[in-house]
Amino acid sequence: MEKTFFMIKPDGVKRGLVGDVLARMEKRGFTFDQLQLVTPTKEQFDQHYYQLVDKPFYPGMMDYMMSGPILIGIISGYEVIESWRTMMGKTNPKEAAPGTIRSDFAQAPNDKGEMMNVVHGSDSRDSAKREIELWFGKEAAEEVK
Ligand code: IDP
Ligand code: MG
């Protein structure tokens, strides 16, 4: 069984979308290995999003990510990394296909370019392992093939 790391971002928690998002995962047949509500530090996000820290949108994105608690978790399932990414939809909710979480629950970026897109999912096996270690520790990451 493959494993991946996911988040329900602050907009998703604040707007009461946790139940809807988790229900979609359950109906898809994913198994929850870990589930936790957390209020991360900026340093944790800097590590998580290390590839983006130099982007011009990063400060605004941190205001968004630090605006409230997030739900983090590990799910397992057959080809779960790709399946979960498909269920999330494209990064920009404006471009996300109907039926995906980002299309069904989020809006296009505003005129300041701020984008709130409800969910995160690791984009590869290497990312899944790295992100699981970052948020849930070495032991949890060792279970990732
Ligand atoms: P992903 O979340 O679909 O994997 P990434 O390119 O890895 O997309 O970007 C991570 C996150 O950074 C996005 O989900 C979004 O919150 C934020 N982000 C990416 N590009 C932009 C942008 O152009 N403007 C504002 N926020 C962005
Ligand atoms: Mg990404």
# chains A, B, ... in the order shown; residues from 1 in each chain; ligands from 1
>>> residues_near_ligand(ligand="ligand 1", cutoff="9 Å", atoms="only C-alpha atoms and all ligand atoms", output="PyMOL selection string")
chain A and resi 9+49+51-52+55-58+60-61+64-65+85+88-92+109+113-123
>>> residues_around(residues="Thr86 in chain A", least_positions_apart="3", cutoff="10 Å", atoms="only C-alpha atoms", output="MDAnalysis selection string")
chainID A and resid 80:83 89:90 96:97 100:101 121
>>> closest_residue(among="A:Met7, A:Leu71, A:Gly99, A:Glu26", to="ligand 2", atoms="only C-alpha atoms and all ligand atoms")
A:Met7
>>> atom_distance(atom1="CA of Met62 in chain A", atom2="CA of Ser124 in chain A")
23.0 Å
>>> closest_residue(among="A:Asn110, A:Val13, A:Ile72, A:Phe6", to="ligand 2", atoms="only C-alpha atoms and all ligand atoms")
A:Phe6
>>> select_by_dssp(residues="range 48-82 of chain A", states="strand (DSSP E or B)", output="list in words")
Ile70, Leu71, Ile72, Gly73, Ile74, Ile75, Ser76 and Gly77 of chain A
>>> write_last_selection(atoms="N, CA and C atoms", output="mmCIF file, in the first residue's frame")
data_model
loop_
_atom_site.group_PDB
_atom_site.id
_atom_site.type_symbol
_atom_site.label_atom_id
_atom_site.label_comp_id
_atom_site.auth_asym_id
_atom_site.auth_seq_id
_atom_site.Cartn_x
_atom_site.Cartn_y
_atom_site.Cartn_z
ATOM 1 N N ILE A 70 -4.627 23.802 11.028
ATOM 2 C CA ILE A 70 -4.764 22.949 9.840
ATOM 3 C C ILE A 70 -4.937 21.504 10.309
ATOM 4 N N LEU A 71 -5.508 20.703 9.448
ATOM 5 C CA LEU A 71 -5.591 19.272 9.734
ATOM 6 C C LEU A 71 -4.525 18.587 8.886
ATOM 7 N N ILE A 72 -3.679 17.781 9.526
ATOM 8 C CA ILE A 72 -2.686 17.024 8.765
ATOM 9 C C ILE A 72 -2.944 15.538 8.926
ATOM 10 N N GLY A 73 -2.534 14.764 7.955
ATOM 11 C CA GLY A 73 -2.745 13.329 8.071
ATOM 12 C C GLY A 73 -1.908 12.526 7.102
ATOM 13 N N ILE A 74 -1.925 11.224 7.339
ATOM 14 C CA ILE A 74 -1.316 10.253 6.430
ATOM 15 C C ILE A 74 -2.432 9.310 6.001
ATOM 16 N N ILE A 75 -2.548 9.102 4.685
ATOM 17 C CA ILE A 75 -3.531 8.143 4.176
ATOM 18 C C ILE A 75 -2.806 7.070 3.373
ATOM 19 N N SER A 76 -3.371 5.867 3.389
ATOM 20 C CA SER A 76 -2.809 4.830 2.521
ATOM 21 C C SER A 76 -3.879 4.286 1.595
ATOM 22 N N GLY A 77 -3.402 3.752 0.464
ATOM 23 C CA GLY A 77 -4.292 3.186 -0.537
ATOM 24 C C GLY A 77 -3.508 2.857 -1.785
#
>>> residues_around(residues="Lys129 in chain A", least_positions_apart="6", cutoff="9 Å", atoms="only C-alpha atoms", output="PyMOL selection string")
chain A and resi 3-5+122+140-145
>>> closest_residue(among="A:Arg15, A:Lys42, A:Arg28, A:His48", to="ligand 2", atoms="only C-alpha atoms and all ligand atoms")
A:His48
>>> atom_distance(atom1="CA of Met25 in chain A", atom2="CA of Asp11 in chain A")
18.2 Å
>>> closest_residue(among="A:Tyr50, A:Val38, A:Ser103, A:Thr31", to="ligand 2", atoms="only C-alpha atoms and all ligand atoms")
A:Tyr50
